[in-house]
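Engineer: What follows is model31.txt; its format and atoms are compact mmCIF, C-alpha atoms and all ligand atoms.
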```
# COMPACT_ATOMS: atom_id res chain seq x y z
CA MET A 9 106.18 181.20 178.52
CA LEU A 10 109.12 181.16 176.11
CA ASN A 11 107.82 178.21 174.11
CA PHE A 12 107.66 180.36 171.00
CA ILE A 13 111.46 180.63 170.94
CA PRO A 14 112.93 177.72 168.99
CA ASP A 15 115.36 175.30 170.63
CA ASN A 16 118.92 175.35 169.35
CA PRO A 17 119.80 172.24 167.32
CA TYR A 18 122.98 171.80 169.37
CA ILE A 19 124.92 173.31 172.28
CA LEU A 20 127.90 175.50 171.38
CA LEU A 21 130.90 174.39 173.43
CA THR A 22 133.04 177.13 171.95
CA PRO A 23 134.67 180.24 173.42
CA GLY A 24 131.94 182.50 172.01
CA PRO A 25 129.47 183.14 170.64
CA LEU A 26 127.97 180.77 173.18
CA SER A 27 124.67 179.07 173.68
CA THR A 28 122.35 181.65 175.21
CA SER A 29 119.11 181.27 177.15
CA LYS A 30 115.69 181.58 175.56
CA GLY A 31 115.14 184.64 177.73
CA VAL A 32 118.15 186.36 176.18
CA ARG A 33 117.05 185.48 172.67
CA ALA A 34 113.44 186.53 173.36
CA ALA A 35 114.61 189.92 174.63
CA MET A 36 115.58 190.85 171.07
CA LEU A 37 112.03 190.74 169.72
CA ARG A 38 111.14 194.42 169.82
CA ASP A 39 112.62 197.61 168.43
CA TRP A 40 114.12 200.52 170.35
CA CYS A 41 114.53 204.22 169.73
CA THR A 42 118.16 205.26 170.23
CA TRP A 43 117.39 208.74 171.56
CA ASP A 44 114.54 207.88 173.90
CA ALA A 45 115.13 207.50 177.64
CA ASP A 46 113.40 204.08 177.49
CA TYR A 47 116.56 202.90 175.79
CA ASN A 48 119.34 205.29 176.78
CA GLU A 49 118.62 205.65 180.46
CA SER A 50 116.73 202.47 181.29
CA ILE A 51 118.96 200.11 179.33
CA VAL A 52 122.29 201.65 178.31
CA GLN A 53 123.06 203.60 181.48
CA ASN A 54 121.74 200.77 183.59
CA ILE A 55 124.10 198.33 181.85
CA ARG A 56 127.05 200.69 182.28
CA ARG A 57 126.43 201.01 186.02
CA ARG A 58 125.93 197.29 186.49
CA LEU A 59 129.14 196.43 184.67
CA VAL A 60 131.13 198.68 186.97
CA ALA A 61 129.43 197.13 189.99
CA LEU A 62 130.29 193.64 188.73
CA ALA A 63 133.93 194.66 188.29
CA THR A 64 134.65 196.39 191.59
CA LYS A 65 133.42 197.67 194.92
CA GLU A 66 135.13 201.00 194.13
CA THR A 67 132.29 202.01 191.82
CA GLU A 68 132.91 205.76 191.99
CA ASN A 69 136.44 205.37 190.59
CA TYR A 70 135.44 203.42 187.48
CA THR A 71 133.26 203.95 184.42
CA THR A 72 132.22 201.85 181.40
CA ILE A 73 132.40 202.55 177.69
CA LEU A 74 130.38 200.29 175.39
CA MET A 75 131.74 199.95 171.84
CA GLN A 76 130.20 198.52 168.68
CA GLY A 77 131.86 195.47 167.09
CA SER A 78 133.25 192.20 168.35
CA GLY A 79 135.59 192.04 171.35
CA SER A 80 138.70 192.77 169.29
CA PHE A 81 137.28 196.17 168.32
CA SER A 82 137.19 197.14 171.98
CA VAL A 83 140.73 195.89 172.55
CA GLU A 84 141.93 197.93 169.60
CA ALA A 85 139.92 200.99 170.68
CA CYS A 86 141.46 200.66 174.14
CA LEU A 87 145.07 200.33 172.97
CA GLY A 88 144.61 203.11 170.40
CA THR A 89 143.05 205.53 172.88
CA VAL A 90 144.96 204.80 176.05
CA ILE A 91 148.58 204.82 174.93
CA PRO A 92 149.81 208.31 174.03
CA LYS A 93 152.18 209.07 171.14
CA SER A 94 155.05 209.24 173.62
CA GLY A 95 154.05 205.98 175.34
CA LYS A 96 155.45 202.49 175.06
CA VAL A 97 153.57 199.33 175.90
CA LEU A 98 154.87 195.99 177.11
CA ILE A 99 152.71 193.21 175.71
CA LEU A 100 153.01 189.79 177.30
CA THR A 101 151.70 187.06 175.09
CA ASN A 102 151.19 183.34 175.39
CA GLY A 103 148.64 182.80 172.66
CA ALA A 104 146.69 184.15 169.71
CA TYR A 105 144.88 186.89 171.61
CA GLY A 106 148.08 188.32 173.05
CA ASP A 107 149.56 188.13 169.55
CA ARG A 108 146.53 190.01 168.23
CA MET A 109 147.28 192.91 170.59
CA VAL A 110 150.80 193.02 169.12
CA GLU A 111 149.33 193.16 165.60
CA MET A 112 147.10 196.02 166.72
CA VAL A 113 149.88 198.18 168.15
CA LYS A 114 151.97 197.57 165.04
CA MET A 115 149.09 198.70 162.85
CA LEU A 116 148.58 201.74 165.08
CA ASN A 117 152.30 202.60 165.12
CA ILE A 118 152.48 202.35 168.89
CA ASP A 119 155.92 201.81 170.36
CA HIS A 120 155.99 198.42 172.07
CA THR A 121 157.94 195.45 173.36
CA LYS A 122 156.54 191.99 172.79
CA VAL A 123 157.45 189.16 175.11
CA ASP A 124 156.30 185.79 173.86
CA LEU A 125 156.50 182.82 176.20
CA GLY A 126 155.05 180.32 173.74
CA GLU A 127 151.72 178.71 174.37
CA ILE A 128 152.12 176.57 177.44
CA THR A 129 153.93 178.84 179.90
CA ALA A 130 152.22 181.37 182.17
CA PHE A 131 153.77 184.74 183.00
CA SER A 132 155.15 185.47 186.44
CA ALA A 133 155.66 188.58 188.53
CA GLU A 134 159.46 188.11 188.36
CA GLU A 135 159.31 188.23 184.57
CA ILE A 136 157.40 191.52 184.69
CA GLU A 137 159.72 193.00 187.28
CA ARG A 138 162.75 192.08 185.18
CA LEU A 139 161.24 193.58 182.02
CA LEU A 140 160.08 196.80 183.67
CA THR A 141 163.42 197.26 185.43
CA GLY A 142 165.23 196.72 182.13
CA ASP A 143 163.34 199.32 180.10
CA LYS A 144 162.46 202.63 181.73
CA ASP A 145 160.62 203.84 178.60
CA LEU A 146 157.76 201.42 179.17
CA THR A 147 154.61 203.28 180.31
CA HIS A 148 151.89 200.64 179.87
CA VAL A 149 151.54 196.87 180.26
CA ALA A 150 148.94 194.71 178.50
CA PHE A 151 148.18 191.01 178.77
CA VAL A 152 145.35 188.52 178.41
CA HIS A 153 143.82 187.06 181.58
CA CYS A 154 142.36 183.80 180.23
CA GLU A 155 144.19 183.02 176.99
CA THR A 156 141.34 181.40 175.13
CA THR A 157 143.76 179.92 172.60
CA THR A 158 144.64 177.19 175.08
CA GLY A 159 142.56 177.84 178.21
CA MET A 160 145.58 179.18 180.08
CA LEU A 161 144.77 181.33 183.10
CA ASN A 162 147.52 183.88 183.62
CA PRO A 163 147.92 184.73 187.33
CA LEU A 164 146.04 188.03 187.39
CA GLU A 165 146.64 189.04 190.97
CA GLU A 166 150.37 188.41 190.94
CA LEU A 167 150.90 190.08 187.55
CA SER A 168 148.74 193.11 188.38
CA LYS A 169 150.57 193.65 191.65
CA ALA A 170 153.93 193.60 189.87
CA VAL A 171 152.78 196.09 187.21
CA LYS A 172 151.29 198.45 189.78
CA SER A 173 154.41 198.31 191.98
CA PHE A 174 156.16 200.02 189.04
CA GLY A 175 153.30 202.53 188.66
CA LYS A 176 152.56 201.52 185.06
CA VAL A 177 149.14 201.76 183.41
CA LEU A 178 147.61 198.29 183.20
CA ILE A 179 145.37 197.04 180.38
CA VAL A 180 143.85 193.56 180.73
CA ASP A 181 142.02 191.60 178.05
CA ALA A 182 139.61 189.70 180.29
CA MET A 183 137.35 188.90 177.37
CA SER A 184 136.73 185.27 178.21
CA SER A 185 136.95 185.54 182.01
CA PHE A 186 135.02 188.65 183.08
CA GLY A 187 131.66 187.59 184.50
CA GLY A 188 132.83 184.00 184.93
CA ILE A 189 135.73 184.41 187.33
CA PRO A 190 135.43 186.67 190.39
CA MET A 191 137.80 189.65 190.52
CA ASP A 192 137.84 193.20 191.88
CA ILE A 193 139.64 195.41 189.40
CA GLY A 194 139.87 198.25 191.93
CA GLU A 195 141.73 196.03 194.39
CA LEU A 196 143.88 194.64 191.59
CA GLY A 197 144.68 198.13 190.34
CA ILE A 198 143.60 197.37 186.77
CA ASP A 199 143.20 200.62 184.84
CA PHE A 200 141.43 199.25 181.76
CA LEU A 201 139.62 195.92 181.50
CA VAL A 202 138.17 194.79 178.17
CA SER A 203 135.44 192.20 177.59
CA SER A 204 132.48 191.66 175.28
CA SER A 205 128.77 190.91 175.12
CA ASN A 206 129.03 187.27 174.09
CA LYS A 207 131.35 185.66 176.64
CA CYS A 208 130.70 184.99 180.33
CA ILE A 209 127.86 187.50 180.66
CA GLN A 210 126.11 185.21 178.16
CA GLY A 211 124.68 187.80 175.80
CA VAL A 212 124.73 187.64 172.01
CA PRO A 213 127.59 189.05 169.91
CA GLY A 214 127.66 192.65 168.74
CA PHE A 215 129.54 194.89 171.14
CA GLY A 216 132.43 195.04 173.58
CA PHE A 217 133.10 197.16 176.63
CA VAL A 218 135.97 198.75 178.47
CA ILE A 219 135.73 199.25 182.22
CA ALA A 220 138.11 202.13 182.92
CA LYS A 221 139.54 203.92 185.89
CA ARG A 222 138.08 207.40 185.56
CA ASP A 223 141.19 209.43 186.31
CA GLU A 224 143.31 207.37 183.90
CA LEU A 225 140.67 207.59 181.18
CA GLU A 226 140.47 211.35 181.55
CA LYS A 227 144.19 211.59 180.73
CA CYS A 228 143.61 209.95 177.33
CA ALA A 229 141.86 212.79 175.47
CA GLY A 230 143.53 213.47 172.13
CA ASN A 231 145.37 210.14 171.92
CA ALA A 232 143.01 208.24 169.61
CA ARG A 233 144.25 207.15 166.19
CA SER A 234 140.75 206.62 164.79
CA LEU A 235 137.49 208.54 164.95
CA CYS A 236 135.15 205.58 165.34
CA MET A 237 137.40 203.77 167.77
CA ASP A 238 138.00 206.76 170.04
CA LEU A 239 137.00 205.62 173.51
CA ILE A 240 136.99 209.17 174.80
CA GLY A 241 134.59 210.36 172.09
CA GLN A 242 132.30 207.42 172.80
CA TRP A 243 132.55 207.91 176.56
CA LYS A 244 131.78 211.66 176.53
CA ASP A 245 128.58 211.13 174.55
CA MET A 246 127.51 208.10 176.56
CA GLU A 247 128.23 209.77 179.86
CA LYS A 248 125.81 212.62 179.03
CA THR A 249 122.67 210.71 178.02
CA GLY A 250 123.51 207.09 177.39
CA LYS A 251 123.50 207.70 173.66
CA TRP A 252 126.04 205.84 171.55
CA ARG A 253 127.87 208.13 169.10
CA TYR A 254 126.86 206.10 166.08
CA THR A 255 124.09 203.54 165.55
CA SER A 256 124.00 201.23 168.53
CA PRO A 257 123.19 197.51 168.23
CA THR A 258 119.89 198.00 170.06
CA HIS A 259 118.62 194.42 170.06
CA VAL A 260 121.95 193.07 171.17
CA VAL A 261 122.11 195.64 173.95
CA ARG A 262 118.63 194.72 175.12
CA ALA A 263 119.61 191.05 175.12
CA PHE A 264 122.66 191.92 177.19
CA PHE A 265 120.44 193.69 179.73
CA GLN A 266 118.45 190.47 180.02
CA ALA A 267 121.69 188.48 180.34
CA LEU A 268 122.71 190.70 183.27
CA ASP A 269 119.33 190.03 184.94
CA GLU A 270 119.90 186.31 184.49
CA LEU A 271 123.41 186.57 185.91
CA GLU A 272 121.88 188.21 189.00
CA GLN A 273 119.20 185.52 189.22
CA GLU A 274 121.89 182.88 189.12
CA GLY A 275 123.45 184.50 192.19
CA GLY A 276 126.10 186.69 190.57
CA ILE A 277 129.60 185.99 189.37
CA SER A 278 130.57 183.73 192.28
CA GLU A 279 127.67 181.36 191.56
CA ARG A 280 128.32 181.42 187.82
CA HIS A 281 131.96 180.65 188.54
CA LYS A 282 130.88 177.64 190.62
CA ARG A 283 128.76 176.34 187.73
CA TYR A 284 131.60 176.80 185.26
CA CYS A 285 134.00 175.01 187.61
CA GLU A 286 131.56 172.13 187.99
CA ASN A 287 131.04 171.96 184.20
CA HIS A 288 134.78 171.97 183.76
CA ARG A 289 135.40 169.27 186.37
CA ILE A 290 132.87 166.92 184.76
CA LEU A 291 134.40 167.60 181.36
CA VAL A 292 138.01 166.98 182.34
CA ASP A 293 137.33 163.98 184.61
CA GLY A 294 135.13 162.44 181.92
CA MET A 295 137.59 163.03 179.09
CA ARG A 296 140.45 161.61 181.16
CA LYS A 297 138.40 158.50 181.86
CA LEU A 298 137.95 158.15 178.11
CA GLY A 299 141.73 158.35 177.68
CA PHE A 300 142.16 161.95 176.55
CA LYS A 301 144.89 164.20 177.96
CA THR A 302 144.75 167.94 178.54
CA LEU A 303 147.36 170.22 176.99
CA LEU A 304 147.91 172.21 180.18
CA PRO A 305 148.53 171.05 183.73
CA ASP A 306 145.53 171.64 186.01
CA GLU A 307 147.13 174.52 187.91
CA MET A 308 147.36 176.65 184.75
CA GLN A 309 143.91 175.76 183.47
CA ALA A 310 140.93 178.18 183.47
CA PRO A 311 137.43 176.77 184.04
CA ILE A 312 136.37 178.28 180.69
CA ILE A 313 137.76 176.29 177.79
CA THR A 314 140.09 173.29 177.72
CA SER A 315 142.55 172.07 175.07
CA PHE A 316 142.78 168.31 174.62
CA LEU A 317 145.65 166.63 172.78
CA TYR A 318 144.88 164.43 169.82
CA PRO A 319 144.96 160.92 171.31
CA SER A 320 147.12 159.52 168.50
CA ASP A 321 148.74 160.46 165.20
CA GLU A 322 145.87 158.75 163.39
CA PHE A 323 143.19 160.82 165.11
CA GLU A 324 141.15 162.98 162.76
CA PHE A 325 139.23 165.86 164.25
CA LYS A 326 136.72 166.43 161.45
CA PRO A 327 134.85 163.07 161.59
CA PHE A 328 135.01 163.17 165.40
CA TYR A 329 133.56 166.69 165.33
CA GLU A 330 130.77 165.65 162.94
CA ALA A 331 129.86 162.62 165.05
CA VAL A 332 129.70 164.63 168.27
CA LYS A 333 127.77 167.41 166.51
CA SER A 334 125.15 164.90 165.34
CA LYS A 335 124.65 164.09 169.05
CA GLY A 336 123.98 167.73 169.91
CA PHE A 337 127.34 169.31 170.77
CA VAL A 338 129.60 171.59 168.76
CA LEU A 339 133.29 171.43 169.68
CA TYR A 340 136.09 173.76 168.61
CA PRO A 341 139.28 173.13 166.67
CA GLY A 342 142.66 173.83 168.27
CA LYS A 343 144.54 177.01 167.54
CA ILE A 344 148.10 176.36 168.61
CA SER A 345 151.27 175.53 166.76
CA GLN A 346 153.05 173.36 169.32
CA ALA A 347 150.73 170.36 169.38
CA ASP A 348 147.62 168.97 167.68
CA THR A 349 144.69 169.85 169.90
CA PHE A 350 140.98 170.47 169.90
CA ARG A 351 139.09 172.56 172.39
CA ILE A 352 135.92 172.19 174.41
CA GLY A 353 134.37 175.23 176.06
CA ASN A 354 132.12 174.97 179.09
CA ILE A 355 130.70 178.49 179.40
CA GLY A 356 127.30 179.85 178.32
CA GLU A 357 123.87 178.38 178.92
CA VAL A 358 125.47 175.02 179.72
CA TYR A 359 124.93 173.00 182.90
CA PRO A 360 126.55 169.99 184.59
CA GLU A 361 123.81 167.76 183.11
CA ASP A 362 124.83 168.89 179.63
CA MET A 363 128.46 168.08 180.32
CA LYS A 364 127.49 164.59 181.52
CA ARG A 365 125.54 164.05 178.30
CA LEU A 366 128.53 165.34 176.33
CA ILE A 367 130.86 162.79 177.94
CA GLU A 368 128.39 160.02 177.11
CA ALA A 369 128.17 161.25 173.52
CA ILE A 370 131.95 161.40 173.16
CA GLY A 371 132.34 158.01 174.87
CA SER A 372 129.94 156.38 172.44
CA THR A 373 131.81 157.97 169.53
CA PHE A 374 135.38 157.37 170.48
CA GLN A 375 137.63 155.69 173.04
CA ALA A 376 141.11 157.18 172.98
C1 LIG B 1 136.94 186.20 172.32
C2 LIG B 1 138.20 186.86 172.69
C3 LIG B 1 138.60 188.08 172.11
C4 LIG B 1 137.80 188.82 171.08
O1 LIG B 1 137.54 188.10 169.96
P1 LIG B 1 136.43 188.59 168.94
O2 LIG B 1 136.42 187.48 167.93
O3 LIG B 1 136.88 189.87 168.37
O4 LIG B 1 135.17 188.73 169.71
C5 LIG B 1 139.75 188.69 172.59
N1 LIG B 1 140.49 188.12 173.54
C6 LIG B 1 140.16 186.95 174.11
C7 LIG B 1 141.02 186.41 175.19
C8 LIG B 1 139.01 186.28 173.69
O5 LIG B 1 138.67 185.11 174.27
```
Kindly present the structure from the file in structure tokens form.

Structural biologist:
Amino acid sequence: MLNFIPDNPYILLTPGPLSTSKGVRAAMLRDWCTWDADYNESIVQNIRRRLVALATKETENYTTILMQGSGSFSVEACLGTVIPKSGKVLILTNGAYGDRMVEMVKMLNIDHTKVDLGEITAFSAEEIERLLTGDKDLTHVAFVHCETTTGMLNPLEELSKAVKSFGKVLIVDAMSSFGGIPMDIGELGIDFLVSSSNKCIQGVPGFGFVIAKRDELEKCAGNARSLCMDLIGQWKDMEKTGKWRYTSPTHVVRAFFQALDELEQEGGISERHKRYCENHRILVDGMRKLGFKTLLPDEMQAPIITSFLYPSDEFEFKPFYEAVKSKGFVLYPGKISQADTFRIGNIGEVYPEDMKRLIEAIGSTFQA
């Protein structure tokens, strides 16, 4: 049925945009009117409700705001709307995406404390307790769940519990984990979770979303530092009719709706998580057999993207990349300062069979 949609020339094993299904790509092939109920009610409001239901069982306590732009726009909109002028945010970082949040609050003139653990150490509850005990001015805490820089999975449950035991407002960048790793943000006490269209939900790039605790969101009116990036402004309009304040990326939104259907067909987040874990296991076992080593120990590693160390000082990524690409797989360069690495993602329209073919392709290219 979808034979008219061209095949991709290669699989994207990157942290996003990802390889998407033909169904998702086909869903973009018609136009939509942004004030008609066919779009606003049947697609936008439906997406907003389904995102809340994917995030928590406590659906009445949460709401979703969709926001134009890539994922970072939603992170910035969230920080800029949620933290009041009198607030102070603790940002825990162990990679580029945590660092990006620090850049954002600096740009927005938001009072903050940055705690940087480097790139290969996860945060702990004790660390948070020490920091929050030491500075009573802190009102908010923000961190990244899966730090896509390395593939580090920060311990969400433990960290959230610590933040909530101090009664602070919690903002989590779950960009590369939401939809791929089961969680209940109501149980965890997360006040604001940010993710985007082109990660584990497997849509195409073009918008992000914030899943917010209603009563915390309602407190944020008047905080925003930017008109376009005001989550409250966007939320109030969307809440009424499903209309986005300014032009919405209609085709991308329709593709996302299809991606949500396909997530359901797969069996929901728990089944998708199983597939990602299986992809990841085949990847890591296979790479180890070929002589490669992972940057992180297994207990810190998310089943999303994995950093591999260069096997020797002589190793050159570019020719390796080109050779593997010619066999149908696009890898990703490393992004860290502490060691030479490259990364291989295993999320998106990617299955265990693909990972087996990848290992064969890498094996025939290179033995570490
Ligand atoms: C992808 C990603 C983002 C957003 O990046 P964009 O390039 O703006 O989409 C933010 N945080 C994390 C952890 C990510 O993986």

Engineer: Please give me, as a ChimeraX atom specification, the residues lying within 8 Å of ligand LIG 1 (chain B) when counting only C-alpha atoms and all ligand atoms.

Structural biologist: /A:23-24,77-81,83,105-106,152-157,181-185,203-204,206-207,213,216

Engineer: So that I can see what lies close to segment 58-62 of chain A, please list as a list of chain:residue names the residues with an atom at most 7 Å from it, counting only C-alpha atoms and leaving out residues fewer than 4 positions away in the same chain.

Structural biologist: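 That gives A:Asn54, A:Thr67, A:Tyr70, A:Thr71, A:Thr72, A:Ile219.
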
Engineer: Fewer than 5 positions away in the same chain doesn't count, so skip those; otherwise give me all residues within 9 Å of His259 of chain A, counting all atoms listed in the file, as a PDB file with C-alpha atoms, in the coordinates of the input.

Structural biologist:
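result.pdb was written with the following content:
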```
ATOM      1  CA  ALA A  35     114.610 189.920 174.630  1.00  0.00           C
ATOM      2  CA  MET A  36     115.580 190.850 171.070  1.00  0.00           C
ATOM      3  CA  LEU A  37     112.030 190.740 169.720  1.00  0.00           C
ATOM      4  CA  ARG A  38     111.140 194.420 169.820  1.00  0.00           C
ATOM      5  CA  ASP A  39     112.620 197.610 168.430  1.00  0.00           C
ATOM      6  CA  TRP A  40     114.120 200.520 170.350  1.00  0.00           C
ATOM      7  CA  PHE A 264     122.660 191.920 177.190  1.00  0.00           C
TER       8      PHE A 264
END
```

Engineer: Hey, what's within 12 Å of Tyr47 of chain A if we count all atoms listed in the file and toss same-chain stuff fewer than 2 positions away? As a list in words, please?

Structural biologist: Arg38, Asp39, Trp40, Cys41, Thr42, Trp43, Asp44, Ala45, Glu49, Ser50, Ile51, Val52, Gln53, Asn54, Ile55, Thr249, Gly250, Lys251, Trp252, Ser256, Pro257, Thr258, His259, Val261, Arg262 and Phe265 of chain A

Engineer: Mind dumping the selected residues with C-alpha atoms as a PDB file, in the frame of the given file?

Structural biologist:
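Saved the output as part_12.pdb:
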```pdb
ATOM      1  CA  ARG A  38     111.140 194.420 169.820  1.00  0.00           C
ATOM      2  CA  ASP A  39     112.620 197.610 168.430  1.00  0.00           C
ATOM      3  CA  TRP A  40     114.120 200.520 170.350  1.00  0.00           C
ATOM      4  CA  CYS A  41     114.530 204.220 169.730  1.00  0.00           C
ATOM      5  CA  THR A  42     118.160 205.260 170.230  1.00  0.00           C
ATOM      6  CA  TRP A  43     117.390 208.740 171.560  1.00  0.00           C
ATOM      7  CA  ASP A  44     114.540 207.880 173.900  1.00  0.00           C
ATOM      8  CA  ALA A  45     115.130 207.500 177.640  1.00  0.00           C
ATOM      9  CA  GLU A  49     118.620 205.650 180.460  1.00  0.00           C
ATOM     10  CA  SER A  50     116.730 202.470 181.290  1.00  0.00           C
ATOM     11  CA  ILE A  51     118.960 200.110 179.330  1.00  0.00           C
ATOM     12  CA  VAL A  52     122.290 201.650 178.310  1.00  0.00           C
ATOM     13  CA  GLN A  53     123.060 203.600 181.480  1.00  0.00           C
ATOM     14  CA  ASN A  54     121.740 200.770 183.590  1.00  0.00           C
ATOM     15  CA  ILE A  55     124.100 198.330 181.850  1.00  0.00           C
ATOM     16  CA  THR A 249     122.670 210.710 178.020  1.00  0.00           C
ATOM     17  CA  GLY A 250     123.510 207.090 177.390  1.00  0.00           C
ATOM     18  CA  LYS A 251     123.500 207.700 173.660  1.00  0.00           C
ATOM     19  CA  TRP A 252     126.040 205.840 171.550  1.00  0.00           C
ATOM     20  CA  SER A 256     124.000 201.230 168.530  1.00  0.00           C
ATOM     21  CA  PRO A 257     123.190 197.510 168.230  1.00  0.00           C
ATOM     22  CA  THR A 258     119.890 198.000 170.060  1.00  0.00           C
ATOM     23  CA  HIS A 259     118.620 194.420 170.060  1.00  0.00           C
ATOM     24  CA  VAL A 261     122.110 195.640 173.950  1.00  0.00           C
ATOM     25  CA  ARG A 262     118.630 194.720 175.120  1.00  0.00           C
ATOM     26  CA  PHE A 265     120.440 193.690 179.730  1.00  0.00           C
TER      27      PHE A 265
END
```

Engineer: So that I can check the surroundings of Gly197 of chain A, please list as a compact mmCIF listing (two decimals) with C-alpha atoms, in the frame of the given file every protein, DNA and RNA residue that reaches within 10 Å of it, counting all atoms listed in the file and ignoring chain neighbours fewer than 4 positions away.

Structural biologist:
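Written out: out-v6.txt:
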```txt
# COMPACT_ATOMS: atom_id res chain seq x y z
CA GLU A 165 146.64 189.04 190.97
CA SER A 168 148.74 193.11 188.38
CA LYS A 169 150.57 193.65 191.65
CA VAL A 171 152.78 196.09 187.21
CA LYS A 172 151.29 198.45 189.78
CA SER A 173 154.41 198.31 191.98
CA GLY A 175 153.30 202.53 188.66
CA VAL A 177 149.14 201.76 183.41
CA LEU A 178 147.61 198.29 183.20
CA ASP A 192 137.84 193.20 191.88
CA ILE A 193 139.64 195.41 189.40
CA LYS A 221 139.54 203.92 185.89
```

Engineer: Using all atoms listed in the file, which of the listed residues (A:Arg33, A:Ile73, A:Ala347, A:Glu247) sits closest to Asp321 of chain A?

Structural biologist: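 Ranking A:Arg33, A:Ile73, A:Ala347, A:Glu247 by distance to Asp321 of chain A, first place goes to A:Ala347.
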
Engineer: Using all atoms listed in the file, can you tell me which of A:Met246, A:Leu271, A:Ile352, A:Ala331 comes closest to Thr314 of chain A?

Structural biologist: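 Counting all atoms listed in the file, the residue closest to Thr314 of chain A is A:Ile352.
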
Engineer: Tell me, in Å to one decimal, how far atom CA of Gly241 of chain A is from atom CA of Arg253 of chain A.

Structural biologist: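 Going from atom CA of Gly241 of chain A over to atom CA of Arg253 of chain A covers 7.7 Å.
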
Engineer: Do a neighbour search on Val358 of chain A at 9 Å with all atoms listed in the file, toss out local chain neighbours closer than 5 positions, and write the hits as a PDB file with C-alpha atoms, in the coordinates of the input.

Structural biologist:
```
ATOM      1  CA  ILE A  19     124.920 173.310 172.280  1.00  0.00           C
ATOM      2  CA  LEU A  20     127.900 175.500 171.380  1.00  0.00           C
ATOM      3  CA  LEU A  21     130.900 174.390 173.430  1.00  0.00           C
ATOM      4  CA  SER A  27     124.670 179.070 173.680  1.00  0.00           C
ATOM      5  CA  THR A  28     122.350 181.650 175.210  1.00  0.00           C
ATOM      6  CA  ARG A 283     128.760 176.340 187.730  1.00  0.00           C
ATOM      7  CA  TYR A 284     131.600 176.800 185.260  1.00  0.00           C
ATOM      8  CA  ASN A 287     131.040 171.960 184.200  1.00  0.00           C
ATOM      9  CA  MET A 363     128.460 168.080 180.320  1.00  0.00           C
TER      10      MET A 363
END
```

Engineer: Please fill the gaps in segment 200-213 of chain A so it has N, CA and C atoms, and write that as a PDB file, keeping the file's coordinate frame.

Structural biologist:
```pdb
ATOM      1  N   PHE A 200     142.359 199.478 182.866  1.00  0.00           N
ATOM      2  CA  PHE A 200     141.430 199.250 181.760  1.00  0.00           C
ATOM      3  C   PHE A 200     141.211 197.754 181.597  1.00  0.00           C
ATOM      4  N   LEU A 201     139.956 197.320 181.707  1.00  0.00           N
ATOM      5  CA  LEU A 201     139.620 195.920 181.500  1.00  0.00           C
ATOM      6  C   LEU A 201     138.687 195.833 180.291  1.00  0.00           C
ATOM      7  N   VAL A 202     138.981 194.903 179.387  1.00  0.00           N
ATOM      8  CA  VAL A 202     138.170 194.790 178.170  1.00  0.00           C
ATOM      9  C   VAL A 202     137.473 193.428 178.139  1.00  0.00           C
ATOM     10  N   SER A 203     136.179 193.445 177.792  1.00  0.00           N
ATOM     11  CA  SER A 203     135.440 192.200 177.590  1.00  0.00           C
ATOM     12  C   SER A 203     134.335 192.461 176.561  1.00  0.00           C
ATOM     13  N   SER A 204     133.503 191.466 176.321  1.00  0.00           N
ATOM     14  CA  SER A 204     132.480 191.660 175.280  1.00  0.00           C
ATOM     15  C   SER A 204     131.157 191.024 175.655  1.00  0.00           C
ATOM     16  N   SER A 205     130.147 191.304 174.812  1.00  0.00           N
ATOM     17  CA  SER A 205     128.770 190.910 175.120  1.00  0.00           C
ATOM     18  C   SER A 205     128.552 189.405 175.108  1.00  0.00           C
ATOM     19  N   ASN A 206     129.379 188.681 174.352  1.00  0.00           N
ATOM     20  CA  ASN A 206     129.030 187.270 174.090  1.00  0.00           C
ATOM     21  C   ASN A 206     129.945 186.263 174.774  1.00  0.00           C
ATOM     22  N   LYS A 207     130.556 186.646 175.900  1.00  0.00           N
ATOM     23  CA  LYS A 207     131.350 185.660 176.640  1.00  0.00           C
ATOM     24  C   LYS A 207     130.628 185.339 177.950  1.00  0.00           C
ATOM     25  N   CYS A 208     131.286 185.525 179.084  1.00  0.00           N
ATOM     26  CA  CYS A 208     130.700 184.990 180.330  1.00  0.00           C
ATOM     27  C   CYS A 208     129.445 185.708 180.813  1.00  0.00           C
ATOM     28  N   ILE A 209     129.140 186.878 180.289  1.00  0.00           N
ATOM     29  CA  ILE A 209     127.860 187.500 180.660  1.00  0.00           C
ATOM     30  C   ILE A 209     126.716 186.780 179.942  1.00  0.00           C
ATOM     31  N   GLN A 210     127.069 186.056 178.880  1.00  0.00           N
ATOM     32  CA  GLN A 210     126.110 185.210 178.160  1.00  0.00           C
ATOM     33  C   GLN A 210     125.071 185.982 177.349  1.00  0.00           C
ATOM     34  N   GLY A 211     125.511 187.095 176.768  1.00  0.00           N
ATOM     35  CA  GLY A 211     124.680 187.800 175.800  1.00  0.00           C
ATOM     36  C   GLY A 211     124.996 187.308 174.393  1.00  0.00           C
ATOM     37  N   VAL A 212     124.432 188.000 173.401  1.00  0.00           N
ATOM     38  CA  VAL A 212     124.730 187.640 172.010  1.00  0.00           C
ATOM     39  C   VAL A 212     125.802 188.586 171.479  1.00  0.00           C
ATOM     40  N   PRO A 213     126.491 188.207 170.390  1.00  0.00           N
ATOM     41  CA  PRO A 213     127.590 189.050 169.910  1.00  0.00           C
ATOM     42  C   PRO A 213     127.127 190.361 169.299  1.00  0.00           C
TER      43      PRO A 213
END
```
